[in-house]
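Here's the structure we're looking at; comments come further down.
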Amino acid sequence: MSNGELYWKELDMKKLTCDVAIVGGGIAGLMSGLRCAQGGKKVLVFERLNDDRYVCNTRLTGGVFHCAMTDIRTPENELVEIILQATGNAADPALARLVAANARKAVNWLQELGIRFVRGSADPWHSFVLAPPGIAQLGRQWEGRAGDVLMRTLEAELNRHQGKVLRGHEAKELLMADGKCGGVKLALPDGSQIDVMSEAVILADGGFQSNPRMLREFISPQPESVVQRNAGTGIGAGLRMAQAVGAQASDLSGFYGHILSRAALQNDKLWPYPWLDEVAKRYIVVDAAGRRFTDEGRGGIHIANDMARLIQPGTTTVICDEDGWNGPATERFLPANPNLEKAGGTVLRASSIRELAGMAGIDPDGLAAEVGAYNTALANGRLGELQPVRTSGKFSALPIRKAPFYALPAAAGITYTMGGVLIDDHCRVKSKAGGTIAGLYAAGSTTGGLEGGVHAGYVGGLVKASVTALRCAEVITGSAAV
């Protein structure tokens, strides 16, 4: 009798057991489930969404496997240092080493399943991109590409190993006995509930990027002004359930995302691309008063986080000149020039900074003063004296001098939250009381402790998910030393 047949037989009796219960059917849930099933475990993956090809963040991914914007083949010790540097030493060194040591192994495992990778560009961090690439044209052309192919392959293999993904099954709470997690309570498609008893539970349902209440508490005072640059399905259930049974959580304030056109709040064609990062990191980003509020030299992810934290995050604008619009704005895949206007985004042009400010709804005196101070500091090599400081080690600053001048009304776009359940390097969930919670594991964007920090250091969602998923399974099946 297959696991699927056994499931329905047990459900009729209002009793359900398995070896491993997994919450969430994205890349982390499917990889951990398949690896556990390969190890002989009876596995059930519970997915809240009903559709056959349910749209989660994995389905929409561009498919780049990298470590902190670095080739995953980089020597382990170098990768550890790169991760720590990217996060301002906020990353748990043990988790940084876990990812650095196992990123290539995770890709190899996927390749053995028949998952294909291509080189996405000449950039070293584009050495392993899921094929066919997910970045094809404006909008979300995910069917038959990148993450869609990955998920269908993983689920087919899971089925072949007698595991099963059960759609429309929403996890509500973890079941505890004598300090050990022994299962999960589910809401079923018909509205009833059932307790699933298991030897181990893996939380792999992603971040809380689409939970307005949690966004307001940890990310932005106005989450409605932040573009949901994601599948809209990450509600933080795993984090909530884990905290309810005494799990520790990391700093929850950071997210991975990019700078998008403000029009993306209403125009669905303007996400996930084009983004405005390439312009913003070379020029300036201002608020309604015309004042800078972030260190643009740290790049788009850092800027997007600072944008979201503003009291009025929906009033930010990227400012550049003609050289910027015909230079950085044309760089990278699906660049802002010409795709922003092509997709219906707003691009404002004027012959003077004051005229531009009036068109953009920015205080003219404030913007004129800020552009003047920025240009002077740049010319005199004193960017470090600006408030806030403008670093230029990673992305050099360019002057705003050549008319016409450009204003690009902007908004932060959030892809996934970086904070979550704290885990050790065996992906066991840490307890507030000390040690770990027996029987409870977490993988992917449900976890915290790797990415984030003051500068919202980005390590890479696909690699984090893959490595932690396989580590959960190795520990549960006994193939990893603990």
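Ordering of the structure tokens sets the chain letters (A, B, ...); residue numbers start at 1 within each chain; ligands are numbered from 1 in the order shown.
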Residues near Asp52 in chain A, anyone? I mean within 12 Å using only C-alpha atoms, not counting same-chain ones fewer than 6 positions away, as a list in words. Gly25, Asp148, Met151, Arg152, Glu155, Val165, Leu166, Arg167 and Gly168 of chain A
Just-selected residues, all heavy atoms written as a PDB file, in the first residue's frame:
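Generated file (selection_13.pdb):
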```pdb
ATOM      1  N   GLY A  25       5.397  23.196   0.879  1.00  0.00           N
ATOM      2  CA  GLY A  25       5.784  22.437  -0.300  1.00  0.00           C
ATOM      3  C   GLY A  25       6.604  23.206  -1.303  1.00  0.00           C
ATOM      4  O   GLY A  25       6.488  22.974  -2.514  1.00  0.00           O
ATOM      5  N   ASP A 148       9.522  26.071 -11.599  1.00  0.00           N
ATOM      6  CA  ASP A 148       8.405  25.188 -11.924  1.00  0.00           C
ATOM      7  C   ASP A 148       8.926  23.795 -12.292  1.00  0.00           C
ATOM      8  O   ASP A 148       8.420  22.773 -11.803  1.00  0.00           O
ATOM      9  CB  ASP A 148       7.605  25.787 -13.086  1.00  0.00           C
ATOM     10  CG  ASP A 148       6.384  24.956 -13.445  1.00  0.00           C
ATOM     11  OD1 ASP A 148       5.762  24.382 -12.529  1.00  0.00           O
ATOM     12  OD2 ASP A 148       6.049  24.882 -14.644  1.00  0.00           O
ATOM     13  N   MET A 151      10.332  22.093  -9.094  1.00  0.00           N
ATOM     14  CA  MET A 151       9.323  21.573  -8.175  1.00  0.00           C
ATOM     15  C   MET A 151       8.621  20.340  -8.726  1.00  0.00           C
ATOM     16  O   MET A 151       8.355  19.379  -8.000  1.00  0.00           O
ATOM     17  CB  MET A 151       8.313  22.671  -7.845  1.00  0.00           C
ATOM     18  CG  MET A 151       8.877  23.744  -6.922  1.00  0.00           C
ATOM     19  SD  MET A 151       7.670  24.998  -6.492  1.00  0.00           S
ATOM     20  CE  MET A 151       6.455  24.026  -5.586  1.00  0.00           C
ATOM     21  N   ARG A 152       8.317  20.348 -10.009  1.00  0.00           N
ATOM     22  CA  ARG A 152       7.648  19.178 -10.589  1.00  0.00           C
ATOM     23  C   ARG A 152       8.563  17.954 -10.575  1.00  0.00           C
ATOM     24  O   ARG A 152       8.106  16.831 -10.334  1.00  0.00           O
ATOM     25  CB  ARG A 152       7.192  19.507 -12.005  1.00  0.00           C
ATOM     26  CG  ARG A 152       5.963  20.423 -12.032  1.00  0.00           C
ATOM     27  CD  ARG A 152       5.354  20.500 -13.407  1.00  0.00           C
ATOM     28  NE  ARG A 152       6.147  21.296 -14.311  1.00  0.00           N
ATOM     29  CZ  ARG A 152       6.070  21.225 -15.636  1.00  0.00           C
ATOM     30  NH1 ARG A 152       5.252  20.351 -16.212  1.00  0.00           N
ATOM     31  NH2 ARG A 152       6.815  21.990 -16.392  1.00  0.00           N
ATOM     32  N   GLU A 155       8.738  16.715  -6.852  1.00  0.00           N
ATOM     33  CA  GLU A 155       7.518  16.041  -6.414  1.00  0.00           C
ATOM     34  C   GLU A 155       7.371  14.678  -7.084  1.00  0.00           C
ATOM     35  O   GLU A 155       6.946  13.704  -6.444  1.00  0.00           O
ATOM     36  CB  GLU A 155       6.281  16.898  -6.693  1.00  0.00           C
ATOM     37  CG  GLU A 155       5.020  16.244  -6.152  1.00  0.00           C
ATOM     38  CD  GLU A 155       3.786  17.130  -6.225  1.00  0.00           C
ATOM     39  OE1 GLU A 155       3.886  18.279  -6.707  1.00  0.00           O
ATOM     40  OE2 GLU A 155       2.708  16.665  -5.788  1.00  0.00           O
ATOM     41  N   VAL A 165       2.764  14.818  -1.475  1.00  0.00           N
ATOM     42  CA  VAL A 165       2.418  16.203  -1.160  1.00  0.00           C
ATOM     43  C   VAL A 165       0.902  16.285  -1.067  1.00  0.00           C
ATOM     44  O   VAL A 165       0.198  15.925  -2.021  1.00  0.00           O
ATOM     45  CB  VAL A 165       2.929  17.182  -2.242  1.00  0.00           C
ATOM     46  CG1 VAL A 165       2.495  18.612  -1.902  1.00  0.00           C
ATOM     47  CG2 VAL A 165       4.440  17.105  -2.371  1.00  0.00           C
ATOM     48  N   LEU A 166       0.400  16.729   0.071  1.00  0.00           N
ATOM     49  CA  LEU A 166      -1.042  16.845   0.290  1.00  0.00           C
ATOM     50  C   LEU A 166      -1.439  18.314   0.255  1.00  0.00           C
ATOM     51  O   LEU A 166      -1.086  19.090   1.146  1.00  0.00           O
ATOM     52  CB  LEU A 166      -1.415  16.205   1.624  1.00  0.00           C
ATOM     53  CG  LEU A 166      -1.095  14.705   1.664  1.00  0.00           C
ATOM     54  CD1 LEU A 166      -1.141  14.170   3.078  1.00  0.00           C
ATOM     55  CD2 LEU A 166      -2.071  13.939   0.781  1.00  0.00           C
ATOM     56  N   ARG A 167      -2.145  18.705  -0.804  1.00  0.00           N
ATOM     57  CA  ARG A 167      -2.529  20.087  -1.010  1.00  0.00           C
ATOM     58  C   ARG A 167      -3.762  20.450  -0.192  1.00  0.00           C
ATOM     59  O   ARG A 167      -4.564  19.595   0.156  1.00  0.00           O
ATOM     60  CB  ARG A 167      -2.788  20.330  -2.504  1.00  0.00           C
ATOM     61  CG  ARG A 167      -1.523  20.265  -3.349  1.00  0.00           C
ATOM     62  CD  ARG A 167      -1.853  19.969  -4.799  1.00  0.00           C
ATOM     63  NE  ARG A 167      -0.704  20.141  -5.687  1.00  0.00           N
ATOM     64  CZ  ARG A 167       0.291  19.281  -5.811  1.00  0.00           C
ATOM     65  NH1 ARG A 167       0.293  18.162  -5.097  1.00  0.00           N
ATOM     66  NH2 ARG A 167       1.292  19.526  -6.638  1.00  0.00           N
ATOM     67  N   GLY A 168      -3.902  21.751   0.092  1.00  0.00           N
ATOM     68  CA  GLY A 168      -5.056  22.213   0.845  1.00  0.00           C
ATOM     69  C   GLY A 168      -5.033  21.796   2.298  1.00  0.00           C
ATOM     70  O   GLY A 168      -6.072  21.812   2.965  1.00  0.00           O
TER      71      GLY A 168
END
```
What's the 9 Å shell around Ala438 in chain A, counting only C-alpha atoms, without same-chain residues fewer than 3 positions away, as a compact mmCIF listing (two decimals) with all heavy atoms, in the first residue's frame?
```
# COMPACT_ATOMS: atom_id res chain seq x y z
N GLY A 179 7.97 17.76 26.16
CA GLY A 179 9.02 18.59 25.61
C GLY A 179 9.47 18.23 24.21
O GLY A 179 10.38 18.84 23.66
N LYS A 180 8.83 17.24 23.60
CA LYS A 180 9.20 16.80 22.25
C LYS A 180 8.08 17.11 21.27
O LYS A 180 6.90 16.94 21.59
CB LYS A 180 9.48 15.30 22.23
CG LYS A 180 9.89 14.75 20.86
CD LYS A 180 10.10 13.25 20.90
CE LYS A 180 10.68 12.73 19.59
NZ LYS A 180 9.79 12.99 18.43
N CYS A 181 8.46 17.56 20.09
CA CYS A 181 7.46 17.78 19.04
C CYS A 181 7.15 16.43 18.39
O CYS A 181 8.05 15.77 17.85
CB CYS A 181 7.98 18.76 18.00
SG CYS A 181 6.79 19.13 16.70
N GLY A 182 5.88 16.05 18.45
CA GLY A 182 5.49 14.75 17.93
C GLY A 182 4.45 14.79 16.85
O GLY A 182 3.80 13.78 16.57
N ALA A 200 9.29 13.24 13.47
CA ALA A 200 9.95 14.54 13.28
C ALA A 200 9.04 15.45 12.47
O ALA A 200 8.26 14.99 11.62
CB ALA A 200 11.29 14.35 12.56
N ARG A 428 18.19 21.88 13.83
CA ARG A 428 17.29 21.64 14.94
C ARG A 428 16.87 22.99 15.51
O ARG A 428 17.70 23.88 15.70
CB ARG A 428 17.98 20.79 16.01
CG ARG A 428 18.41 19.43 15.51
CD ARG A 428 19.27 18.68 16.51
NE ARG A 428 20.55 19.35 16.72
CZ ARG A 428 21.61 18.76 17.27
NH1 ARG A 428 21.53 17.48 17.66
NH2 ARG A 428 22.75 19.41 17.44
N VAL A 429 15.59 23.16 15.78
CA VAL A 429 15.07 24.44 16.25
C VAL A 429 15.53 24.69 17.69
O VAL A 429 15.38 23.84 18.56
CB VAL A 429 13.53 24.47 16.16
CG1 VAL A 429 12.97 25.72 16.83
CG2 VAL A 429 13.11 24.39 14.69
N TYR A 441 12.51 20.59 13.42
CA TYR A 441 13.55 21.08 12.53
C TYR A 441 12.97 22.20 11.66
O TYR A 441 11.76 22.34 11.54
CB TYR A 441 14.05 19.96 11.61
CG TYR A 441 14.58 18.76 12.36
CD1 TYR A 441 13.72 17.80 12.89
CD2 TYR A 441 15.95 18.59 12.54
CE1 TYR A 441 14.20 16.70 13.59
CE2 TYR A 441 16.45 17.49 13.23
CZ TYR A 441 15.56 16.55 13.76
OH TYR A 441 16.04 15.47 14.45
```
Residue list (strand (DSSP E or B), DSSP) for range 95-268 of chain A, as a count of residues only: 46
Skipping near chain neighbours, those fewer than 2 positions away, what residues fall within 12 Å of Trp109 in chain A using only C-alpha atoms, listed as an MDAnalysis selection string? chainID A and resid 31:32 34:35 102:107 111:116 154 466:467 469:470
Output N, CA and C atoms for every residue in that selection, as an mmCIF file, in the first residue's frame.
```
data_model
loop_
_atom_site.group_PDB
_atom_site.id
_atom_site.type_symbol
_atom_site.label_atom_id
_atom_site.label_comp_id
_atom_site.auth_asym_id
_atom_site.auth_seq_id
_atom_site.Cartn_x
_atom_site.Cartn_y
_atom_site.Cartn_z
ATOM 1 N N MET A 31 12.713 19.219 -1.078
ATOM 2 C CA MET A 31 14.046 18.619 -1.013
ATOM 3 C C MET A 31 14.228 17.814 0.264
ATOM 4 N N SER A 32 13.803 18.371 1.398
ATOM 5 C CA SER A 32 13.950 17.625 2.655
ATOM 6 C C SER A 32 13.077 16.376 2.637
ATOM 7 N N LEU A 34 12.050 14.603 -0.044
ATOM 8 C CA LEU A 34 12.599 13.592 -0.939
ATOM 9 C C LEU A 34 13.822 12.918 -0.327
ATOM 10 N N ARG A 35 14.684 13.710 0.290
ATOM 11 C CA ARG A 35 15.895 13.113 0.867
ATOM 12 C C ARG A 35 15.538 12.177 2.027
ATOM 13 N N ASN A 102 28.419 23.226 1.985
ATOM 14 C CA ASN A 102 27.458 22.299 1.373
ATOM 15 C C ASN A 102 26.703 22.845 0.165
ATOM 16 N N ALA A 103 26.966 24.077 -0.231
ATOM 17 C CA ALA A 103 26.245 24.663 -1.364
ATOM 18 C C ALA A 103 26.470 23.857 -2.645
ATOM 19 N N ARG A 104 27.719 23.543 -2.926
ATOM 20 C CA ARG A 104 28.014 22.785 -4.148
ATOM 21 C C ARG A 104 27.438 21.373 -4.051
ATOM 22 N N LYS A 105 27.483 20.793 -2.860
ATOM 23 C CA LYS A 105 26.929 19.460 -2.656
ATOM 24 C C LYS A 105 25.432 19.449 -2.963
ATOM 25 N N ALA A 106 24.719 20.496 -2.546
ATOM 26 C CA ALA A 106 23.279 20.567 -2.792
ATOM 27 C C ALA A 106 22.977 20.649 -4.279
ATOM 28 N N VAL A 107 23.756 21.451 -5.008
ATOM 29 C CA VAL A 107 23.562 21.553 -6.460
ATOM 30 C C VAL A 107 23.885 20.219 -7.126
ATOM 31 N N GLN A 111 21.462 17.987 -9.505
ATOM 32 C CA GLN A 111 21.881 17.557 -10.841
ATOM 33 C C GLN A 111 21.737 16.046 -11.006
ATOM 34 N N GLU A 112 21.994 15.308 -9.937
ATOM 35 C CA GLU A 112 21.833 13.854 -10.013
ATOM 36 C C GLU A 112 20.377 13.454 -10.240
ATOM 37 N N LEU A 113 19.459 14.336 -9.866
ATOM 38 C CA LEU A 113 18.033 14.082 -10.106
ATOM 39 C C LEU A 113 17.606 14.470 -11.518
ATOM 40 N N GLY A 114 18.513 15.070 -12.258
ATOM 41 C CA GLY A 114 18.192 15.501 -13.613
ATOM 42 C C GLY A 114 17.886 16.980 -13.730
ATOM 43 N N ILE A 115 18.033 17.738 -12.635
ATOM 44 C CA ILE A 115 17.821 19.183 -12.693
ATOM 45 C C ILE A 115 18.966 19.811 -13.482
ATOM 46 N N ARG A 116 18.633 20.613 -14.472
ATOM 47 C CA ARG A 116 19.640 21.229 -15.321
ATOM 48 C C ARG A 116 19.951 22.652 -14.877
ATOM 49 N N LEU A 154 11.040 17.405 -8.343
ATOM 50 C CA LEU A 154 11.165 16.972 -6.956
ATOM 51 C C LEU A 154 9.916 16.223 -6.496
ATOM 52 N N SER A 466 18.230 24.942 0.028
ATOM 53 C CA SER A 466 18.729 23.623 -0.389
ATOM 54 C C SER A 466 19.622 22.991 0.661
ATOM 55 N N VAL A 467 20.553 23.778 1.173
ATOM 56 C CA VAL A 467 21.493 23.242 2.156
ATOM 57 C C VAL A 467 20.784 22.849 3.436
ATOM 58 N N ALA A 469 17.629 22.144 3.869
ATOM 59 C CA ALA A 469 16.707 21.029 3.614
ATOM 60 C C ALA A 469 17.441 19.694 3.663
ATOM 61 N N LEU A 470 18.558 19.625 2.982
ATOM 62 C CA LEU A 470 19.308 18.370 2.982
ATOM 63 C C LEU A 470 19.875 18.049 4.354
#
```
Using DSSP secondary structure from the backbone, list all alpha helix (DSSP H) positions within range 191-380 of chain A, as a JSON list (two decimals) with C-alpha atoms, in the first residue's frame.
```
[["chain", "number", "residue", "atom", "x", "y", "z"],
["A", 212, "PRO", "CA", 0.49, 42.45, 6.94],
["A", 213, "ARG", "CA", 0.41, 42.32, 10.74],
["A", 214, "MET", "CA", 3.91, 40.87, 11.01],
["A", 215, "LEU", "CA", 5.24, 43.22, 8.33],
["A", 216, "ARG", "CA", 3.92, 46.18, 10.29],
["A", 217, "GLU", "CA", 5.53, 44.89, 13.47],
["A", 218, "PHE", "CA", 8.96, 44.04, 12.07],
["A", 237, "ALA", "CA", 2.84, 30.08, 10.05],
["A", 238, "GLY", "CA", 5.95, 28.02, 10.81],
["A", 239, "LEU", "CA", 7.52, 30.85, 12.78],
["A", 240, "ARG", "CA", 4.28, 31.46, 14.69],
["A", 241, "MET", "CA", 3.81, 27.78, 15.55],
["A", 242, "ALA", "CA", 7.43, 27.37, 16.62],
["A", 243, "GLN", "CA", 7.35, 30.42, 18.87],
["A", 244, "ALA", "CA", 4.15, 29.10, 20.47],
["A", 277, "ASP", "CA", 18.83, 49.12, -8.10],
["A", 278, "GLU", "CA", 21.42, 49.80, -10.80],
["A", 279, "VAL", "CA", 20.51, 53.51, -10.88],
["A", 280, "ALA", "CA", 19.93, 53.95, -7.16],
["A", 300, "GLY", "CA", 19.65, 47.86, -3.74],
["A", 301, "ILE", "CA", 18.77, 45.35, -1.00],
["A", 302, "HIS", "CA", 20.08, 47.67, 1.71],
["A", 303, "ILE", "CA", 18.30, 50.66, 0.16],
["A", 304, "ALA", "CA", 15.01, 48.75, -0.12],
["A", 305, "ASN", "CA", 15.16, 47.88, 3.58],
["A", 306, "ASP", "CA", 15.79, 51.51, 4.53],
["A", 307, "MET", "CA", 12.94, 52.61, 2.26],
["A", 308, "ALA", "CA", 10.50, 50.24, 3.94],
["A", 309, "ARG", "CA", 11.46, 51.50, 7.41],
["A", 322, "GLU", "CA", 21.02, 61.76, -18.55],
["A", 323, "ASP", "CA", 24.24, 59.78, -18.17],
["A", 324, "GLY", "CA", 22.58, 57.66, -15.49],
["A", 325, "TRP", "CA", 19.51, 56.92, -17.57],
["A", 336, "ALA", "CA", 14.86, 50.02, -16.28],
["A", 337, "ASN", "CA", 15.69, 51.71, -19.57],
["A", 338, "PRO", "CA", 13.62, 50.99, -21.68],
["A", 339, "ASN", "CA", 11.51, 48.44, -19.80],
["A", 340, "LEU", "CA", 10.17, 50.69, -17.04],
["A", 341, "GLU", "CA", 8.16, 52.90, -19.38],
["A", 342, "LYS", "CA", 7.34, 49.97, -21.65],
["A", 353, "ILE", "CA", 16.47, 69.95, -10.67],
["A", 354, "ARG", "CA", 13.83, 72.37, -9.35],
["A", 355, "GLU", "CA", 11.50, 71.67, -12.25],
["A", 356, "LEU", "CA", 12.01, 67.94, -11.73],
["A", 357, "ALA", "CA", 11.19, 68.27, -8.03],
["A", 358, "GLY", "CA", 7.91, 70.00, -8.85],
["A", 359, "MET", "CA", 6.93, 67.25, -11.26],
["A", 360, "ALA", "CA", 7.78, 64.54, -8.71],
["A", 364, "PRO", "CA", 12.34, 71.93, -4.70],
["A", 365, "ASP", "CA", 14.60, 73.68, -2.18],
["A", 366, "GLY", "CA", 15.32, 70.43, -0.40],
["A", 367, "LEU", "CA", 16.18, 68.50, -3.56],
["A", 368, "ALA", "CA", 18.30, 71.31, -5.01],
["A", 369, "ALA", "CA", 20.29, 71.56, -1.79],
["A", 370, "GLU", "CA", 20.75, 67.78, -1.57],
["A", 371, "VAL", "CA", 21.90, 67.37, -5.16],
["A", 372, "GLY", "CA", 24.28, 70.29, -4.70],
["A", 373, "ALA", "CA", 25.75, 68.86, -1.49],
["A", 374, "TYR", "CA", 26.09, 65.43, -3.10],
["A", 375, "ASN", "CA", 27.85, 66.74, -6.21],
["A", 376, "THR", "CA", 30.22, 68.88, -4.13],
["A", 377, "ALA", "CA", 31.10, 66.04, -1.77],
["A", 378, "LEU", "CA", 31.69, 63.71, -4.73],
["A", 379, "ALA", "CA", 33.93, 66.23, -6.50]]
```
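Look at Arg145 in chain A: the protein and nucleic acid residues within 12 Å of it, using only C-alpha atoms and passing over chain neighbours fewer than 2 places away, are Thr58, Arg59, Leu60, Thr61, Gly62, Gly63, Ile115, Arg116, Phe117, Val129, Leu130, Ala131, Pro132, Pro133, Gly134, Ile135, Ala136, Arg140, Gln141, Trp142, Glu143, Gly147, Asp148, Val149, Leu150, Met151, Arg152 and Thr153 of chain A.
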Gln85 in chain A: which residues within 12 Å, counting only C-alpha atoms, same-chain residues fewer than 2 positions away excluded, as a PDB file with C-alpha atoms, in the first residue's frame?
```pdb
ATOM      1  CA  CYS A  67      26.483  32.410  -1.834  1.00  0.00           C
ATOM      2  CA  ALA A  68      26.366  36.115  -0.991  1.00  0.00           C
ATOM      3  CA  MET A  69      26.690  37.012  -4.682  1.00  0.00           C
ATOM      4  CA  GLU A  78      36.627  32.147   1.675  1.00  0.00           C
ATOM      5  CA  LEU A  79      32.878  31.702   1.427  1.00  0.00           C
ATOM      6  CA  VAL A  80      32.517  31.775   5.195  1.00  0.00           C
ATOM      7  CA  GLU A  81      34.344  35.101   5.356  1.00  0.00           C
ATOM      8  CA  ILE A  82      32.311  36.504   2.464  1.00  0.00           C
ATOM      9  CA  ILE A  83      29.046  35.569   4.210  1.00  0.00           C
ATOM     10  CA  THR A  87      26.040  40.351   6.980  1.00  0.00           C
ATOM     11  CA  GLY A  88      28.306  42.560   9.089  1.00  0.00           C
ATOM     12  CA  ASN A  89      29.158  39.492  11.190  1.00  0.00           C
ATOM     13  CA  ALA A  90      25.486  39.074  12.077  1.00  0.00           C
ATOM     14  CA  ALA A  91      25.411  35.558  10.601  1.00  0.00           C
ATOM     15  CA  ASP A  92      25.870  32.641  12.971  1.00  0.00           C
ATOM     16  CA  PRO A  93      29.377  31.396  12.025  1.00  0.00           C
ATOM     17  CA  ALA A  96      27.729  30.369   7.513  1.00  0.00           C
ATOM     18  CA  LEU A 450      22.110  33.464   8.544  1.00  0.00           C
ATOM     19  CA  GLU A 451      20.988  36.510   6.569  1.00  0.00           C
ATOM     20  CA  GLY A 452      20.123  40.021   7.714  1.00  0.00           C
ATOM     21  CA  GLY A 453      21.978  42.217  10.162  1.00  0.00           C
ATOM     22  CA  VAL A 454      22.290  45.999  10.154  1.00  0.00           C
ATOM     23  CA  HIS A 455      22.931  46.087   6.415  1.00  0.00           C
ATOM     24  CA  ALA A 456      20.405  43.356   5.496  1.00  0.00           C
ATOM     25  CA  GLY A 457      23.170  41.065   4.285  1.00  0.00           C
ATOM     26  CA  TYR A 458      21.906  38.756   1.539  1.00  0.00           C
ATOM     27  CA  VAL A 459      23.268  35.205   1.324  1.00  0.00           C
TER      28      VAL A 459
END
```
Got a sec: who's within 9 Å of Thr294 in chain A, counting only C-alpha atoms, leaving out chain neighbours fewer than 2 positions off, as a VMD selection string? chain A and resid 284 to 286 292 296 to 298 302 to 303 306 to 307 387 to 390
I need the residues from that last selection saved to file as an mmCIF file, in the first residue's frame (with C-alpha atoms), if you can.
```
data_model
loop_
_atom_site.group_PDB
_atom_site.id
_atom_site.type_symbol
_atom_site.label_atom_id
_atom_site.label_comp_id
_atom_site.auth_asym_id
_atom_site.auth_seq_id
_atom_site.Cartn_x
_atom_site.Cartn_y
_atom_site.Cartn_z
ATOM 1 C CA ILE A 284 20.784 59.155 -4.846
ATOM 2 C CA VAL A 285 17.427 58.186 -3.350
ATOM 3 C CA VAL A 286 15.411 60.885 -1.572
ATOM 4 C CA ARG A 292 18.770 61.348 1.293
ATOM 5 C CA GLU A 296 23.137 54.148 -1.592
ATOM 6 C CA GLY A 297 26.624 52.671 -1.940
ATOM 7 C CA ARG A 298 25.535 49.522 -0.097
ATOM 8 C CA HIS A 302 20.079 47.671 1.713
ATOM 9 C CA ILE A 303 18.296 50.662 0.160
ATOM 10 C CA ASP A 306 15.791 51.513 4.535
ATOM 11 C CA MET A 307 12.941 52.613 2.261
ATOM 12 C CA GLN A 387 24.616 62.545 6.309
ATOM 13 C CA PRO A 388 23.891 59.736 5.913
ATOM 14 C CA VAL A 389 27.353 58.628 4.829
ATOM 15 C CA ARG A 390 27.676 57.620 1.191
#
```
Minimum-distance residue to Ala410 in chain A, chosen among A:Arg97, A:Lys185, A:Arg48, A:His258 (using only C-alpha atoms): A:His258
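Using only C-alpha atoms, the smallest distance between any of A:His161, A:His169, A:Arg229, A:Arg382 and Gly39 in chain A comes from A:His161.
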Just give me the gap between CA of Thr447 in chain A and CA of Gln209 in chain A in Å, one decimal is fine. 13.2 Å
